[in-house]
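A.B. asks: One structure, pasted below without further comment.
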Amino acid sequence: MSTIQRIALVLTIIGAINWGLIGFFQFDLVAAIFGGQDSALSRIIYGLVGIAGLINLGLLFAPSEEREREPEARPTR
């Protein structure tokens with residue numbers, strides 16, 4: 001996993017936690033920390049989380065490392 005994918009994964013997790021807080025407690029942590037939903041910094045964070053989610057879509061279609069490393073089964077006689 002590349003560094004960009006790791007950063008994207010962390011941002012996606014942060015976004016998931018924020019959405020969980022919104023869903024369960026009606027509390028937007030990003031807005032609370034960065035000055036409301038309409039502040040420029042909050043909008044940047046929301047945008048970065050959205051881009052990170054798009055980057056992580058590629059992980060759904062990437063081949064599994066475990067499948068690549070498995071030796072092929074040899075036929076028995």
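By order of appearance in the structure tokens: chains A, B, ..., then residues from 1 within every chain, and ligands from 1 in the order shown.
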Taking the chain letters and numbering used in this document, name the residues of segment 11-69 of chain A that DSSP puts in helix (DSSP H, G or I), as number ranges by chain.

C.D. replies: A: 11-25, 29-34, 40-61, 65-69

A.B. asks: Limited to N, CA and C atoms, could you put the picked residues into a file as a tab-separated table (two decimals), in the first residue's frame?

C.D. replies:
```
chain	number	residue	atom	x	y	z
A	11	LEU	N	-7.84	9.39	6.32
A	11	LEU	CA	-8.86	10.42	6.13
A	11	LEU	C	-10.25	9.82	5.99
A	12	THR	N	-10.34	8.67	5.33
A	12	THR	CA	-11.63	7.99	5.20
A	12	THR	C	-12.14	7.52	6.56
A	13	ILE	N	-11.24	7.03	7.39
A	13	ILE	CA	-11.63	6.59	8.73
A	13	ILE	C	-12.11	7.79	9.55
A	14	ILE	N	-11.41	8.91	9.43
A	14	ILE	CA	-11.83	10.13	10.13
A	14	ILE	C	-13.23	10.53	9.67
A	15	GLY	N	-13.46	10.46	8.36
A	15	GLY	CA	-14.78	10.79	7.82
A	15	GLY	C	-15.86	9.84	8.33
A	16	ALA	N	-15.51	8.56	8.42
A	16	ALA	CA	-16.48	7.57	8.91
A	16	ALA	C	-16.83	7.84	10.37
A	17	ILE	N	-15.83	8.17	11.16
A	17	ILE	CA	-16.08	8.49	12.57
A	17	ILE	C	-16.97	9.73	12.67
A	18	ASN	N	-16.68	10.74	11.86
A	18	ASN	CA	-17.49	11.96	11.88
A	18	ASN	C	-18.93	11.66	11.48
A	19	TRP	N	-19.13	10.84	10.44
A	19	TRP	CA	-20.49	10.48	10.03
A	19	TRP	C	-21.19	9.66	11.11
A	20	GLY	N	-20.45	8.82	11.80
A	20	GLY	CA	-21.04	8.07	12.91
A	20	GLY	C	-21.51	8.99	14.02
A	21	LEU	N	-20.70	9.99	14.33
A	21	LEU	CA	-21.08	10.96	15.36
A	21	LEU	C	-22.32	11.75	14.93
A	22	ILE	N	-22.37	12.11	13.64
A	22	ILE	CA	-23.54	12.83	13.15
A	22	ILE	C	-24.78	11.94	13.23
A	23	GLY	N	-24.63	10.70	12.81
A	23	GLY	CA	-25.78	9.79	12.79
A	23	GLY	C	-26.31	9.44	14.16
A	24	PHE	N	-25.40	9.17	15.09
A	24	PHE	CA	-25.83	8.73	16.42
A	24	PHE	C	-26.11	9.87	17.39
A	25	PHE	N	-25.35	10.95	17.29
A	25	PHE	CA	-25.44	12.01	18.30
A	25	PHE	C	-25.76	13.39	17.73
A	29	LEU	N	-18.16	16.72	14.41
A	29	LEU	CA	-16.87	17.00	15.04
A	29	LEU	C	-16.02	17.93	14.20
A	30	VAL	N	-16.00	17.73	12.89
A	30	VAL	CA	-15.20	18.59	12.01
A	30	VAL	C	-15.69	20.03	12.11
A	31	ALA	N	-16.99	20.23	12.07
A	31	ALA	CA	-17.54	21.58	12.17
A	31	ALA	C	-17.24	22.18	13.54
A	32	ALA	N	-17.31	21.37	14.59
A	32	ALA	CA	-17.04	21.87	15.94
A	32	ALA	C	-15.58	22.30	16.09
A	33	ILE	N	-14.66	21.56	15.48
A	33	ILE	CA	-13.24	21.87	15.62
A	33	ILE	C	-12.84	23.05	14.74
A	34	PHE	N	-13.38	23.10	13.51
A	34	PHE	CA	-12.90	24.07	12.53
A	34	PHE	C	-13.84	25.24	12.27
A	40	ALA	N	-14.19	27.88	5.69
A	40	ALA	CA	-13.33	27.42	4.60
A	40	ALA	C	-12.54	26.18	5.01
A	41	LEU	N	-12.04	26.16	6.23
A	41	LEU	CA	-11.23	25.02	6.68
A	41	LEU	C	-12.07	23.75	6.78
A	42	SER	N	-13.28	23.86	7.27
A	42	SER	CA	-14.16	22.69	7.33
A	42	SER	C	-14.46	22.16	5.94
A	43	ARG	N	-14.72	23.07	5.00
A	43	ARG	CA	-15.01	22.64	3.64
A	43	ARG	C	-13.80	21.96	3.01
A	44	ILE	N	-12.60	22.42	3.32
A	44	ILE	CA	-11.38	21.77	2.83
A	44	ILE	C	-11.27	20.36	3.39
A	45	ILE	N	-11.53	20.21	4.69
A	45	ILE	CA	-11.48	18.89	5.32
A	45	ILE	C	-12.52	17.96	4.68
A	46	TYR	N	-13.73	18.45	4.50
A	46	TYR	CA	-14.78	17.63	3.87
A	46	TYR	C	-14.35	17.22	2.46
A	47	GLY	N	-13.76	18.14	1.73
A	47	GLY	CA	-13.30	17.84	0.37
A	47	GLY	C	-12.20	16.80	0.36
A	48	LEU	N	-11.23	16.93	1.29
A	48	LEU	CA	-10.14	15.95	1.38
A	48	LEU	C	-10.66	14.56	1.73
A	49	VAL	N	-11.63	14.51	2.63
A	49	VAL	CA	-12.22	13.22	3.00
A	49	VAL	C	-12.94	12.61	1.79
A	50	GLY	N	-13.63	13.43	1.03
A	50	GLY	CA	-14.31	12.94	-0.17
A	50	GLY	C	-13.33	12.41	-1.21
A	51	ILE	N	-12.25	13.13	-1.43
A	51	ILE	CA	-11.22	12.67	-2.37
A	51	ILE	C	-10.58	11.38	-1.87
A	52	ALA	N	-10.35	11.30	-0.57
A	52	ALA	CA	-9.78	10.09	0.01
A	52	ALA	C	-10.69	8.89	-0.21
A	53	GLY	N	-11.98	9.11	-0.10
A	53	GLY	CA	-12.93	8.03	-0.36
A	53	GLY	C	-12.83	7.55	-1.80
A	54	LEU	N	-12.68	8.48	-2.73
A	54	LEU	CA	-12.54	8.10	-4.13
A	54	LEU	C	-11.25	7.33	-4.38
A	55	ILE	N	-10.18	7.75	-3.73
A	55	ILE	CA	-8.90	7.04	-3.87
A	55	ILE	C	-9.04	5.61	-3.34
A	56	ASN	N	-9.76	5.47	-2.23
A	56	ASN	CA	-9.92	4.15	-1.63
A	56	ASN	C	-10.83	3.23	-2.45
A	57	LEU	N	-11.61	3.78	-3.37
A	57	LEU	CA	-12.40	2.93	-4.26
A	57	LEU	C	-11.50	1.98	-5.04
A	58	GLY	N	-10.30	2.44	-5.34
A	58	GLY	CA	-9.34	1.59	-6.05
A	58	GLY	C	-8.95	0.36	-5.27
A	59	LEU	N	-9.00	0.46	-3.94
A	59	LEU	CA	-8.65	-0.69	-3.11
A	59	LEU	C	-9.67	-1.82	-3.27
A	60	LEU	N	-10.90	-1.49	-3.62
A	60	LEU	CA	-11.91	-2.52	-3.82
A	60	LEU	C	-11.57	-3.43	-5.00
A	61	PHE	N	-10.92	-2.86	-5.99
A	61	PHE	CA	-10.66	-3.60	-7.21
A	61	PHE	C	-9.22	-4.08	-7.32
A	65	GLU	N	-3.25	-9.33	-1.93
A	65	GLU	CA	-1.86	-9.77	-1.85
A	65	GLU	C	-1.77	-11.24	-1.48
A	66	GLU	N	-2.72	-11.69	-0.67
A	66	GLU	CA	-2.70	-13.10	-0.26
A	66	GLU	C	-2.91	-14.01	-1.46
A	67	ARG	N	-3.80	-13.63	-2.36
A	67	ARG	CA	-4.05	-14.44	-3.54
A	67	ARG	C	-2.83	-14.46	-4.45
A	68	GLU	N	-2.12	-13.34	-4.53
A	68	GLU	CA	-0.95	-13.27	-5.38
A	68	GLU	C	0.19	-14.12	-4.84
A	69	ARG	N	0.31	-14.26	-3.55
A	69	ARG	CA	1.42	-14.96	-2.94
A	69	ARG	C	1.19	-16.45	-2.78
```

A.B. asks: What gap, in Å, lies between atom CA of Ser39 of chain A and atom CA of Phe27 of chain A?

C.D. replies: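 Here the two named atoms are 16.2 Å from each other.
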